[in-house]
$ cat protein.txt   # compact mmCIF, C-alpha atoms
# COMPACT_ATOMS: atom_id res chain seq x y z
CA MET Q 27 0.00 0.00 0.00
CA THR Q 28 1.42 3.41 -0.94
CA CYS Q 29 1.28 6.34 1.47
CA ALA Q 30 -1.25 7.94 -0.90
CA ASN Q 31 -3.72 5.17 -0.03
CA ARG Q 32 -3.17 5.13 3.72
CA ARG Q 33 -5.61 6.58 6.21
CA ALA Q 34 -3.03 7.34 8.92
CA TRP Q 35 0.51 6.07 9.35
CA ILE Q 36 3.85 6.35 11.10
CA GLU Q 37 7.07 6.91 9.20
CA VAL Q 38 10.17 5.41 10.84
CA ASP Q 39 13.38 7.04 9.66
CA THR Q 40 15.90 4.19 9.70
CA GLY Q 41 18.76 6.54 8.87
CA ALA Q 42 17.98 8.63 11.96
CA LEU Q 43 17.85 5.48 14.09
CA ARG Q 44 21.28 4.37 12.89
CA HIS Q 45 22.61 7.88 13.42
CA ASN Q 46 21.37 7.89 17.02
CA LEU Q 47 23.04 4.55 17.67
CA ILE Q 48 26.36 6.03 16.58
CA GLN Q 49 25.89 9.13 18.69
CA LEU Q 50 25.04 7.18 21.84
CA ARG Q 51 27.84 4.65 21.33
CA ARG Q 52 30.34 7.51 21.33
CA LEU Q 53 29.44 8.18 24.97
CA LEU Q 54 30.04 4.59 26.10
CA PRO Q 55 33.19 3.52 27.93
CA GLU Q 56 35.44 0.83 26.51
CA GLY Q 57 33.82 -2.60 26.63
CA CYS Q 58 30.27 -1.30 27.17
CA GLY Q 59 27.48 -1.92 24.67
CA LEU Q 60 24.02 -0.57 24.00
CA LEU Q 61 20.94 -2.54 24.97
CA ALA Q 62 18.12 -1.26 22.77
CA VAL Q 63 14.88 -0.80 24.72
CA VAL Q 64 12.08 -1.79 22.35
CA LYS Q 65 9.28 -2.34 24.87
CA ALA Q 66 5.82 -0.89 24.21
CA ASN Q 67 6.29 -1.47 20.48
CA ALA Q 68 9.59 0.45 20.60
CA TYR Q 69 7.88 3.48 22.17
CA GLY Q 70 5.32 3.35 19.38
CA HIS Q 71 7.88 3.16 16.57
CA GLY Q 72 7.46 -0.56 15.82
CA ALA Q 73 9.42 -3.06 17.88
CA ALA Q 74 10.31 -5.59 15.19
CA GLU Q 75 11.17 -2.91 12.65
CA CYS Q 76 13.42 -0.95 15.02
CA ALA Q 77 15.03 -4.06 16.49
CA ALA Q 78 15.90 -5.27 13.00
CA VAL Q 79 17.61 -1.96 12.17
CA CYS Q 80 19.51 -2.07 15.47
CA GLN Q 81 20.51 -5.69 14.89
CA GLN Q 82 21.87 -4.83 11.45
CA ALA Q 83 23.87 -2.04 13.10
CA GLY Q 84 25.49 -4.47 15.53
CA VAL Q 85 23.22 -4.29 18.58
CA ARG Q 86 23.13 -7.68 20.31
CA ALA Q 87 20.84 -7.02 23.28
CA PHE Q 88 17.25 -5.81 23.54
CA ALA Q 89 14.80 -5.08 26.34
CA VAL Q 90 11.05 -5.64 26.41
CA ALA Q 91 8.38 -5.41 29.10
CA THR Q 92 6.72 -8.82 28.77
CA ALA Q 93 7.51 -12.35 27.66
CA ALA Q 94 4.96 -11.96 24.84
CA GLU Q 95 6.83 -8.93 23.52
CA GLY Q 96 10.05 -10.92 23.56
CA ALA Q 97 8.50 -13.91 21.82
CA ALA Q 98 7.13 -11.63 19.10
CA LEU Q 99 10.64 -10.35 18.41
CA ARG Q 100 12.00 -13.89 18.13
CA GLU Q 101 9.21 -14.72 15.69
CA ARG Q 102 10.41 -11.80 13.56
CA GLY Q 103 13.99 -13.08 13.53
CA ILE Q 104 15.61 -11.00 16.27
CA ALA Q 105 18.62 -12.79 17.73
CA GLY Q 106 20.90 -11.93 20.65
CA GLU Q 107 19.78 -11.43 24.24
CA ILE Q 108 16.22 -10.28 24.87
CA LEU Q 109 15.66 -9.21 28.46
CA VAL Q 110 12.14 -9.07 29.91
CA LEU Q 111 12.20 -6.12 32.30
CA GLY Q 112 8.73 -6.61 33.78
CA TYR Q 113 7.45 -9.20 36.22
CA SER Q 114 6.64 -12.63 34.77
CA GLY Q 115 4.84 -15.32 36.74
CA ALA Q 116 5.00 -19.08 36.39
CA GLU Q 117 2.57 -19.01 33.47
CA ALA Q 118 5.20 -17.23 31.35
CA VAL Q 119 7.99 -19.76 31.98
CA PRO Q 120 7.26 -22.00 28.95
CA LEU Q 121 7.38 -18.92 26.71
CA LEU Q 122 10.58 -17.66 28.33
CA SER Q 123 12.23 -21.04 27.91
CA ARG Q 124 10.98 -21.76 24.38
CA TYR Q 125 12.19 -18.44 23.00
CA CYS Q 126 15.38 -18.25 25.09
CA LEU Q 127 14.40 -15.00 26.76
CA SER Q 128 16.15 -13.57 29.81
CA GLN Q 129 13.88 -12.69 32.72
CA ALA Q 130 14.30 -10.02 35.36
CA VAL Q 131 13.97 -11.59 38.83
CA VAL Q 132 12.86 -9.19 41.53
CA SER Q 133 12.77 -11.11 44.83
CA LEU Q 134 13.70 -14.39 46.47
CA ASP Q 135 10.08 -15.54 46.26
CA HIS Q 136 10.07 -14.69 42.56
CA ALA Q 137 13.29 -16.65 42.01
CA ARG Q 138 11.88 -19.69 43.80
CA LEU Q 139 8.61 -19.48 41.87
CA LEU Q 140 10.40 -19.50 38.52
CA ASN Q 141 12.86 -22.17 39.64
CA ALA Q 142 10.05 -24.47 40.77
CA CYS Q 143 8.81 -24.70 37.19
CA GLY Q 144 11.82 -26.88 36.43
CA LEU Q 145 12.80 -25.34 33.09
CA PRO Q 146 16.22 -23.74 32.56
CA LEU Q 147 15.93 -19.96 32.45
CA ARG Q 148 18.33 -17.11 31.86
CA VAL Q 149 17.84 -14.41 34.48
CA HIS Q 150 19.05 -10.98 35.50
CA TRP Q 151 18.69 -10.07 39.17
CA LYS Q 152 17.09 -6.67 39.68
CA VAL Q 153 18.19 -4.62 42.69
CA ASP Q 154 16.04 -1.92 44.28
CA THR Q 155 18.55 0.80 45.13
CA GLY Q 156 15.98 3.45 46.01
CA MET Q 157 13.28 3.69 43.34
CA HIS Q 158 11.09 1.23 45.25
CA ARG Q 159 9.44 -0.47 42.34
CA LEU Q 160 10.67 -3.99 41.59
CA GLY Q 161 13.84 -5.50 42.98
CA PHE Q 162 15.82 -7.18 45.75
CA ALA Q 163 16.51 -4.73 48.59
CA TRP Q 164 19.99 -3.28 48.21
CA ASP Q 165 20.63 -3.43 51.97
CA ARG Q 166 19.94 -7.16 52.28
CA PRO Q 167 22.53 -8.63 49.93
CA GLU Q 168 22.45 -11.99 51.70
CA VAL Q 169 18.88 -12.48 50.44
CA LEU Q 170 19.98 -12.02 46.84
CA ALA Q 171 22.97 -14.29 47.43
CA SER Q 172 20.65 -17.06 48.58
CA ALA Q 173 18.79 -16.90 45.24
CA PHE Q 174 21.90 -18.27 43.50
CA ALA Q 175 20.89 -21.64 44.94
CA CYS Q 176 18.04 -21.87 42.40
CA GLN Q 177 19.55 -24.51 40.16
CA HIS Q 178 17.35 -23.89 37.11
CA LEU Q 179 18.20 -20.18 36.93
CA GLN Q 180 21.27 -19.22 34.93
CA VAL Q 181 22.42 -15.83 36.23
CA CYS Q 182 23.41 -13.60 33.33
CA GLY Q 183 23.23 -10.11 34.81
CA LEU Q 184 22.53 -7.69 37.63
CA PHE Q 185 20.83 -4.33 37.21
CA THR Q 186 18.99 -1.47 38.83
CA HIS Q 187 16.96 1.54 37.66
CA LEU Q 188 17.95 5.13 38.41
CA SER Q 189 14.90 7.09 39.48
CA ASP Q 190 16.20 10.64 39.21
CA ALA Q 191 18.88 10.66 36.52
CA GLU Q 192 17.09 13.21 34.32
CA ALA Q 193 17.20 16.04 36.88
CA PRO Q 194 20.33 18.24 37.17
CA ASP Q 195 19.72 19.73 40.63
CA PRO Q 196 22.11 18.83 43.45
CA GLU Q 197 19.54 16.82 45.42
CA SER Q 198 18.72 14.66 42.40
CA ARG Q 199 22.38 14.13 41.59
CA SER Q 200 22.99 13.13 45.20
CA ARG Q 201 20.13 10.60 45.10
CA THR Q 202 21.44 9.18 41.84
CA GLN Q 203 24.98 8.84 43.18
CA THR Q 204 23.58 7.10 46.25
CA GLN Q 205 21.81 4.59 43.99
CA ILE Q 206 25.01 4.00 42.01
CA ASP Q 207 26.98 3.46 45.22
CA ARG Q 208 24.39 1.04 46.59
CA PHE Q 209 24.43 -0.95 43.36
CA PHE Q 210 28.17 -1.44 43.43
CA GLN Q 211 28.03 -2.33 47.12
CA MET Q 212 25.77 -5.21 46.10
CA VAL Q 213 28.19 -6.18 43.33
CA GLN Q 214 31.12 -6.16 45.76
CA TYR Q 215 29.22 -8.28 48.30
CA LEU Q 216 28.27 -10.91 45.73
CA ARG Q 217 31.76 -11.18 44.30
CA SER Q 218 33.39 -11.35 47.72
CA ALA Q 219 30.96 -14.16 48.59
CA GLY Q 220 32.00 -16.07 45.48
CA TYR Q 221 28.99 -15.28 43.25
CA GLU Q 222 29.40 -13.89 39.73
CA PRO Q 223 26.59 -11.39 38.99
CA GLY Q 224 27.10 -11.39 35.21
CA ILE Q 225 26.76 -8.32 33.05
CA LEU Q 226 26.08 -5.10 34.99
CA HIS Q 227 23.72 -2.36 33.82
CA LEU Q 228 22.10 0.55 35.63
CA GLN Q 229 21.88 3.46 33.19
CA GLY Q 230 19.07 4.41 30.87
CA SER Q 231 19.05 7.29 28.39
CA TYR Q 232 19.29 10.04 30.98
CA GLY Q 233 21.76 8.06 33.04
CA LEU Q 234 24.10 8.04 30.05
CA LEU Q 235 23.47 11.62 28.94
CA ASN Q 236 23.94 13.06 32.44
CA TYR Q 237 26.57 10.75 33.94
CA GLY Q 238 28.54 9.45 30.97
CA GLY Q 239 30.01 5.98 30.96
CA ILE Q 240 30.25 4.29 34.35
CA PRO Q 241 33.22 1.92 34.55
CA GLY Q 242 32.42 -1.72 35.13
CA CYS Q 243 29.09 -1.76 33.34
CA GLY Q 244 28.53 -3.92 30.29
CA TRP Q 245 25.36 -2.31 29.00
CA VAL Q 246 23.53 0.99 28.86
CA ARG Q 247 19.78 0.60 28.30
CA ALA Q 248 18.95 3.15 25.59
CA GLY Q 249 15.26 3.98 25.43
CA ILE Q 250 13.83 7.39 24.54
CA ALA Q 251 17.20 8.77 23.36
CA LEU Q 252 17.53 5.93 20.87
CA TYR Q 253 14.50 7.39 19.12
CA GLY Q 254 16.08 10.85 19.02
CA LEU Q 255 14.11 12.42 21.83
CA LEU Q 256 14.12 13.50 25.44
CA SER Q 257 11.09 13.01 27.66
CA SER Q 258 10.37 16.75 27.79
CA PRO Q 259 11.55 19.47 25.39
CA GLN Q 260 12.82 21.65 28.24
CA ASP Q 261 15.15 18.94 29.55
CA THR Q 262 18.88 19.56 29.31
CA THR Q 263 21.66 17.03 29.70
CA ARG Q 264 25.28 17.22 30.77
CA PHE Q 265 26.60 15.38 27.72
CA SER Q 266 25.35 16.37 24.30
CA ALA Q 267 24.49 14.04 21.47
CA ASP Q 268 23.26 15.02 18.03
CA LEU Q 269 20.03 13.02 18.22
CA ARG Q 270 17.50 12.99 15.39
CA PRO Q 271 13.80 12.18 15.80
CA VAL Q 272 12.98 8.84 14.20
CA LEU Q 273 9.17 9.06 14.04
CA SER Q 274 6.80 11.12 11.95
CA LEU Q 275 3.01 10.77 12.23
CA ARG Q 276 0.75 11.58 9.31
CA ALA Q 277 -2.89 11.29 8.21
CA ARG Q 278 -5.15 12.48 5.40
CA VAL Q 279 -7.68 15.19 4.72
CA ALA Q 280 -10.89 13.32 3.89
CA GLN Q 281 -13.27 16.25 3.47
CA VAL Q 282 -13.31 20.05 3.76
CA HIS Q 283 -16.31 21.86 5.25
CA THR Q 284 -17.22 25.52 4.80
CA LEU Q 285 -18.95 27.09 7.82
CA GLN Q 286 -20.62 30.44 8.27
CA ALA Q 287 -20.00 32.53 11.36
CA GLY Q 288 -21.99 31.08 14.26
CA GLU Q 289 -22.17 27.52 12.89
CA PRO Q 290 -21.01 24.70 15.21
CA ALA Q 291 -19.01 21.61 14.26
CA GLY Q 292 -18.21 18.33 15.95
CA TYR Q 293 -19.47 16.89 19.24
CA ASP Q 294 -21.14 19.14 21.83
CA GLY Q 295 -20.72 22.27 19.73
CA ALA Q 296 -17.18 22.49 21.07
CA PHE Q 297 -16.22 24.50 18.01
CA THR Q 298 -18.30 27.42 16.80
CA ALA Q 299 -17.08 29.42 13.84
CA GLN Q 300 -16.35 33.01 14.79
CA ARG Q 301 -15.99 33.94 11.11
CA PRO Q 302 -16.54 32.21 7.78
CA SER Q 303 -14.33 29.16 8.23
CA ARG Q 304 -12.99 26.06 6.51
CA LEU Q 305 -12.50 22.88 8.53
CA ALA Q 306 -10.57 19.86 7.30
CA LEU Q 307 -11.68 16.43 8.46
CA VAL Q 308 -8.46 14.52 9.29
CA THR Q 309 -8.40 10.71 9.39
CA ILE Q 310 -6.91 10.08 12.84
CA GLY Q 311 -8.37 10.11 16.34
CA TYR Q 312 -7.92 9.07 19.93
CA ALA Q 313 -8.38 5.36 19.11
CA ASP Q 314 -5.15 5.73 17.13
CA GLY Q 315 -3.53 7.11 20.25
CA TRP Q 316 -3.72 10.82 19.51
CA PRO Q 317 -4.64 12.43 22.86
CA ARG Q 318 -8.13 13.83 23.24
CA SER Q 319 -6.58 16.43 25.54
CA LEU Q 320 -5.26 18.15 22.40
CA SER Q 321 -8.82 19.19 21.51
CA ARG Q 322 -10.09 22.79 21.35
CA GLY Q 323 -6.95 24.28 19.88
CA ARG Q 324 -4.46 22.87 22.36
CA GLY Q 325 -3.00 20.75 19.60
CA ARG Q 326 -2.19 21.60 16.02
CA VAL Q 327 -1.30 19.92 12.75
CA LEU Q 328 0.58 20.87 9.59
CA VAL Q 329 -1.18 21.06 6.23
CA ARG Q 330 0.55 22.30 3.11
CA GLY Q 331 3.49 23.42 5.24
CA GLN Q 332 1.36 25.59 7.52
CA SER Q 333 0.08 25.21 11.05
CA ALA Q 334 -3.62 24.61 11.72
CA PRO Q 335 -5.22 24.34 15.18
CA ILE Q 336 -7.37 21.36 16.10
CA ALA Q 337 -10.99 22.49 16.12
CA GLY Q 338 -13.46 21.20 18.70
CA LEU Q 339 -13.21 17.73 20.21
CA ILE Q 340 -10.99 14.97 18.86
CA CYS Q 341 -13.15 11.96 17.98
CA MET Q 342 -12.35 8.26 18.18
CA ASP Q 343 -11.25 7.98 14.54
CA GLN Q 344 -10.96 11.52 13.23
CA LEU Q 345 -10.47 15.16 14.12
CA LEU Q 346 -11.16 18.59 12.65
CA ALA Q 347 -8.49 21.18 11.87
CA ASP Q 348 -9.20 24.83 11.19
CA VAL Q 349 -7.60 25.50 7.78
CA THR Q 350 -9.32 28.82 7.16
CA GLY Q 351 -6.05 30.65 6.55
CA ILE Q 352 -4.46 27.93 4.39
CA ALA Q 353 -5.22 28.16 0.69
CA GLY Q 354 -6.07 25.15 -1.40
CA VAL Q 355 -6.53 22.47 1.26
CA SER Q 356 -8.28 19.55 -0.43
CA PRO Q 357 -9.26 15.91 0.21
CA GLY Q 358 -6.22 13.67 -0.10
CA ASP Q 359 -3.78 16.22 1.32
CA THR Q 360 -1.24 14.86 3.80
CA VAL Q 361 -1.57 16.10 7.38
CA THR Q 362 1.44 15.98 9.70
CA LEU Q 363 0.92 15.60 13.45
CA ILE Q 364 4.58 14.88 14.28
CA GLY Q 365 7.37 15.65 11.87
CA ARG Q 366 8.30 18.04 9.10
CA ASP Q 367 6.23 19.48 6.26
CA GLY Q 368 8.36 21.76 4.12
CA ASP Q 369 10.01 24.32 6.39
CA ALA Q 370 7.50 23.73 9.21
CA CYS Q 371 7.98 21.16 11.94
CA LEU Q 372 5.92 19.80 14.83
CA THR Q 373 7.87 17.79 17.42
CA ALA Q 374 6.70 15.00 19.67
CA GLY Q 375 7.92 17.07 22.59
CA GLU Q 376 5.69 20.00 21.65
CA ALA Q 377 2.65 17.75 21.30
CA ALA Q 378 3.40 15.99 24.58
CA GLN Q 379 3.81 19.28 26.40
CA ALA Q 380 0.51 20.55 25.02
CA ALA Q 381 -1.14 17.30 26.19
CA ASP Q 382 0.38 17.62 29.69
CA THR Q 383 2.44 14.46 29.34
CA ILE Q 384 5.89 13.30 28.23
CA THR Q 385 7.06 12.05 24.86
CA ASN Q 386 7.45 8.51 26.24
CA GLU Q 387 3.70 8.27 26.91
CA LEU Q 388 2.59 10.14 23.81
CA LEU Q 389 4.51 7.85 21.47
CA SER Q 390 4.00 4.53 23.26
CA ARG Q 391 0.22 5.00 23.05
CA LEU Q 392 0.21 5.25 19.26
CA GLY Q 393 -2.00 2.39 18.15
CA GLU Q 394 -1.50 -0.81 16.20
CA ARG Q 395 -3.77 0.27 13.36
CA LEU Q 396 -1.21 2.92 12.42
CA GLU Q 397 0.98 1.15 9.89
CA ARG Q 398 4.73 1.64 10.39
CA VAL Q 399 6.43 2.65 7.13
CA LEU Q 400 10.23 2.48 6.93
CA THR Q 401 11.88 5.49 5.31
CA ASN Q 402 15.44 6.79 5.11
CA GLN Q 403 14.97 10.54 5.21
CA SER Q 404 18.28 11.10 7.03
CA GLY Q 405 20.34 9.04 4.58
CA ASP Q 406 22.74 6.30 5.53
CA ALA Q 407 24.66 6.95 8.72
CA PRO Q 408 28.43 6.47 8.45
CA ALA Q 409 29.88 3.32 9.97
CA LEU Q 410 31.65 3.49 13.29

$ encode --input "protein.txt" --output "structure tokens"
Amino acid sequence: MTCANRRAWIEVDTGALRHNLIQLRRLLPEGCGLLAVVKANAYGHGAAECAAVCQQAGVRAFAVATAAEGAALRERGIAGEILVLGYSGAEAVPLLSRYCLSQAVVSLDHARLLNACGLPLRVHWKVDTGMHRLGFAWDRPEVLASAFACQHLQVCGLFTHLSDAEAPDPESRSRTQTQIDRFFQMVQYLRSAGYEPGILHLQGSYGLLNYGGIPGCGWVRAGIALYGLLSSPQDTTRFSADLRPVLSLRARVAQVHTLQAGEPAGYDGAFTAQRPSRLALVTIGYADGWPRSLSRGRGRVLVRGQSAPIAGLICMDQLLADVTGIAGVSPGDTVTLIGRDGDACLTAGEAAQAADTITNELLSRLGERLERVLTNQSGDAPAL
């Protein structure tokens, strides 16, 4: 299907993705590799598509949230290590074993539960160093050490999650350094007790961009930065990287309506023309993942290289844009919600900010009925 025949679609710039890999790898210390985080359908970009590009570029480790996500990648030919970051119960063990997935283990009870299933599993121990989500308590290392007795669990790694790495203020930096120190205290305890924790990893995108390479770690888990973005447009980082957005989101004009002053449009009369107006019906809505909170002019789109505010309430499958000041808008025109149209550009960060959220949420909610189309707008990135 050509783009001309699509209702609404996502363009994935493979050249930008490869470029971002190069940029992030330049920040890594010797002997450290990137683990590509492709959970939540690669933050909406398409997990299999992005993982394949990363694999071709030499990435050998990936992270997902569930065993089903990992199995889907294997079915699409993704090799290397696939780490399931989320909790998996006993019901997921056959899937983990069949597809040779690595599972995060978060407590002694969890380790024993998985071990009791009797199938050999690759695991990474997760340590709670202060975020207080999942993980073995950092200050009870003997509990984690006892989990090594689970004979069906092959220990391949040890990791934690930094809760405050994106913030530059002194208190946040102090909390982050405390988490780093606690993590390596756990590593030292295990090694001194004769246990090998495997590959170490504790940094995500902001951990790398604000703290650089941390000696002794084998992976950095690259998530939002891999896709050329920060979580919020106002965020700044200590280390710079020339990141390029990978995703563009586009739809079509299906119909153009002419309204007289005083005429309403859409649900609940949320838009009333204040002047003779032209509204374009755009073929995307909140069921595709475009936030309803961008209704009533909070969000905007690009048509024919110009900005048009969203008019009235976003519907399940479509929305209206006020194109009164844009000449020649016609059915079939391409509408850009994220990305570039001529000299104009709308960023995911701008849309997320207008929707009172972060880019991570905005993108990861983009729906399955949006086809992912691979492009190479940035050109081929040079080899390392």

$ atom_distance --input "protein.txt" --atom1 "atom CA of Tyr293 of chain Q" --atom2 "atom CA of Leu339 of chain Q"
6.4 Å

$ closest_residue --input "protein.txt" --among "Q:Gln205, Q:Ser274, Q:Asn141, Q:Ser231" --to "Glu397 of chain Q" --atoms "all atoms listed in the file"
Q:Ser274

$ closest_residue --input "protein.txt" --among "Q:Ala219, Q:Leu252, Q:Ala34, Q:Cys76" --to "Thr360 of chain Q" --atoms "only C-alpha atoms"
Q:Ala34

$ atom_distance --input "protein.txt" --atom1 "atom CA of Gly115 of chain Q" --atom2 "atom CA of Ala62 of chain Q"
23.9 Å

$ atom_distance --input "protein.txt" --atom1 "atom CA of Thr383 of chain Q" --atom2 "atom CA of Pro317 of chain Q"
9.8 Å

$ residues_around --input "protein.txt" --residues "segment 279-289 of chain Q" --least-positions-apart "2" --cutoff "10 Å" --atoms "all atoms listed in the file" --output "VMD selection string"
chain Q and resid 33 277 291 295 297 to 310 329 344 to 350 355 to 361

$ residues_near_point --input "protein.txt" --point "(19.8, 7.1, 42.0)" --cutoff "10 Å" --atoms "only C-alpha atoms" --output "list in words"
Thr155, Gly156, Met157, Thr186, His187, Leu188, Ser189, Asp190, Ala191, Ser198, Arg199, Ser200, Arg201, Thr202, Gln203, Thr204, Gln205, Ile206, Asp207, Arg208, Phe209, Leu228, Gln229 and Gly233 of chain Q

$ residues_around --input "protein.txt" --residues "segment 91-103 of chain Q" --least-positions-apart "5" --cutoff "6 Å" --atoms "all atoms listed in the file" --output "list in words"
Lys65, Ala74, Val110, Leu111, Gly112 and Tyr125 of chain Q

$ closest_residue --input "protein.txt" --among "Q:Ala193, Q:Ala163, Q:Cys176, Q:Ala251" --to "Val64 of chain Q" --atoms "only C-alpha atoms"
Q:Ala251

$ residues_near_point --input "protein.txt" --point "(22.6, -3.6, 22.2)" --cutoff "8 Å" --atoms "all atoms listed in the file" --output "PyMOL selection string"
chain Q and resi 59-62+80-81+84-88+245+247

$ write_last_selection --input "protein.txt" --atoms "C-alpha atoms" --output "short mmCIF file (atom, residue, chain, number, x, y, z; two decimals), in the frame of the given file"
data_model
loop_
_atom_site.label_atom_id
_atom_site.label_comp_id
_atom_site.auth_asym_id
_atom_site.auth_seq_id
_atom_site.Cartn_x
_atom_site.Cartn_y
_atom_site.Cartn_z
CA GLY Q 59 27.48 -1.92 24.67
CA LEU Q 60 24.02 -0.57 24.00
CA LEU Q 61 20.94 -2.54 24.97
CA ALA Q 62 18.12 -1.26 22.77
CA CYS Q 80 19.51 -2.07 15.47
CA GLN Q 81 20.51 -5.69 14.89
CA GLY Q 84 25.49 -4.47 15.53
CA VAL Q 85 23.22 -4.29 18.58
CA ARG Q 86 23.13 -7.68 20.31
CA ALA Q 87 20.84 -7.02 23.28
CA PHE Q 88 17.25 -5.81 23.54
CA TRP Q 245 25.36 -2.31 29.00
CA ARG Q 247 19.78 0.60 28.30
#

$ residues_around --input "protein.txt" --residues "Gly239 of chain Q" --least-positions-apart "3" --cutoff "9 Å" --atoms "all atoms listed in the file" --output "list in words"
Leu53, Leu54, Pro55, Glu56, Cys58, Gln229, Gly233, Leu234, Leu235, Cys243 and Val246 of chain Q

$ closest_atom_pairs --input "protein.txt" --of "segment 84-116 of chain Q" --to "segment 135-138 of chain Q" --cutoff "10 Å" --atoms "all atoms listed in the file" --output "CSV"
residue,atom,partner,partner_atom,distance
Q:Tyr113,CA,Q:His136,CA,8.8
Q:Ser114,CA,Q:His136,CA,8.8
Q:Gly115,CA,Q:His136,CA,7.8
Q:Ala116,CA,Q:His136,CA,9.1

$ closest_residue --input "protein.txt" --among "Q:Ser266, Q:Ser218, Q:Thr362, Q:Ser321" --to "Gly338 of chain Q" --atoms "only C-alpha atoms"
Q:Ser321

$ residues_around --input "protein.txt" --residues "Gln260 of chain Q" --least-positions-apart "4" --cutoff "12 Å" --atoms "all atoms listed in the file" --output "ChimeraX atom specification"
/Q:192-193,255-256,375-376,378-379,384-385

$ write_last_selection --input "protein.txt" --atoms "C-alpha atoms" --output "compact mmCIF listing (two decimals), keeping the file's coordinate frame"
# COMPACT_ATOMS: atom_id res chain seq x y z
CA GLU Q 192 17.09 13.21 34.32
CA ALA Q 193 17.20 16.04 36.88
CA LEU Q 255 14.11 12.42 21.83
CA LEU Q 256 14.12 13.50 25.44
CA GLY Q 375 7.92 17.07 22.59
CA GLU Q 376 5.69 20.00 21.65
CA ALA Q 378 3.40 15.99 24.58
CA GLN Q 379 3.81 19.28 26.40
CA ILE Q 384 5.89 13.30 28.23
CA THR Q 385 7.06 12.05 24.86

$ closest_residue --input "protein.txt" --among "Q:Ile336, Q:Ile108, Q:Val79, Q:Ile352" --to "Asp39 of chain Q" --atoms "only C-alpha atoms"
Q:Val79

$ residues_around --input "protein.txt" --residues "Ile364 of chain Q" --least-positions-apart "4" --cutoff "6 Å" --atoms "only C-alpha atoms" --output "list in words"
Ser274, Leu275, Leu372, Thr373 and Ala374 of chain Q

$ decode --input "protein.txt" --residues "segment 216-226 of chain Q" --atoms "N, CA, C and O atoms" --output "mmCIF file, in the first residue's frame"
data_model
loop_
_atom_site.group_PDB
_atom_site.id
_atom_site.type_symbol
_atom_site.label_atom_id
_atom_site.label_comp_id
_atom_site.auth_asym_id
_atom_site.auth_seq_id
_atom_site.Cartn_x
_atom_site.Cartn_y
_atom_site.Cartn_z
ATOM 1 N N LEU Q 216 28.456 -9.646 46.452
ATOM 2 C CA LEU Q 216 28.273 -10.908 45.734
ATOM 3 C C LEU Q 216 29.613 -11.497 45.302
ATOM 4 O O LEU Q 216 29.865 -12.699 45.469
ATOM 5 N N ARG Q 217 30.470 -10.670 44.760
ATOM 6 C CA ARG Q 217 31.758 -11.180 44.298
ATOM 7 C C ARG Q 217 32.627 -11.651 45.458
ATOM 8 O O ARG Q 217 33.320 -12.669 45.347
ATOM 9 N N SER Q 218 32.584 -10.925 46.562
ATOM 10 C CA SER Q 218 33.387 -11.349 47.720
ATOM 11 C C SER Q 218 32.860 -12.644 48.315
ATOM 12 O O SER Q 218 33.621 -13.397 48.947
ATOM 13 N N ALA Q 219 31.549 -12.921 48.101
ATOM 14 C CA ALA Q 219 30.958 -14.164 48.594
ATOM 15 C C ALA Q 219 31.095 -15.302 47.589
ATOM 16 O O ALA Q 219 30.590 -16.408 47.831
ATOM 17 N N GLY Q 220 31.750 -15.024 46.457
ATOM 18 C CA GLY Q 220 31.995 -16.072 45.478
ATOM 19 C C GLY Q 220 30.935 -16.212 44.409
ATOM 20 O O GLY Q 220 30.918 -17.220 43.686
ATOM 21 N N TYR Q 221 30.051 -15.218 44.263
ATOM 22 C CA TYR Q 221 28.986 -15.278 43.253
ATOM 23 C C TYR Q 221 29.301 -14.296 42.121
ATOM 24 O O TYR Q 221 29.640 -13.138 42.376
ATOM 25 N N GLU Q 222 29.162 -14.754 40.887
ATOM 26 C CA GLU Q 222 29.398 -13.886 39.734
ATOM 27 C C GLU Q 222 28.059 -13.312 39.256
ATOM 28 O O GLU Q 222 27.166 -14.051 38.842
ATOM 29 N N PRO Q 223 27.897 -11.989 39.328
ATOM 30 C CA PRO Q 223 26.595 -11.393 38.988
ATOM 31 C C PRO Q 223 26.335 -11.263 37.498
ATOM 32 O O PRO Q 223 25.222 -10.895 37.098
ATOM 33 N N GLY Q 224 27.313 -11.526 36.651
ATOM 34 C CA GLY Q 224 27.098 -11.391 35.212
ATOM 35 C C GLY Q 224 27.251 -9.960 34.746
ATOM 36 O O GLY Q 224 27.897 -9.123 35.393
ATOM 37 N N ILE Q 225 26.630 -9.652 33.627
ATOM 38 C CA ILE Q 225 26.762 -8.321 33.045
ATOM 39 C C ILE Q 225 26.028 -7.302 33.919
ATOM 40 O O ILE Q 225 24.937 -7.565 34.439
ATOM 41 N N LEU Q 226 26.640 -6.138 34.118
ATOM 42 C CA LEU Q 226 26.079 -5.103 34.989
ATOM 43 C C LEU Q 226 25.490 -3.984 34.137
ATOM 44 O O LEU Q 226 26.099 -3.556 33.147
#
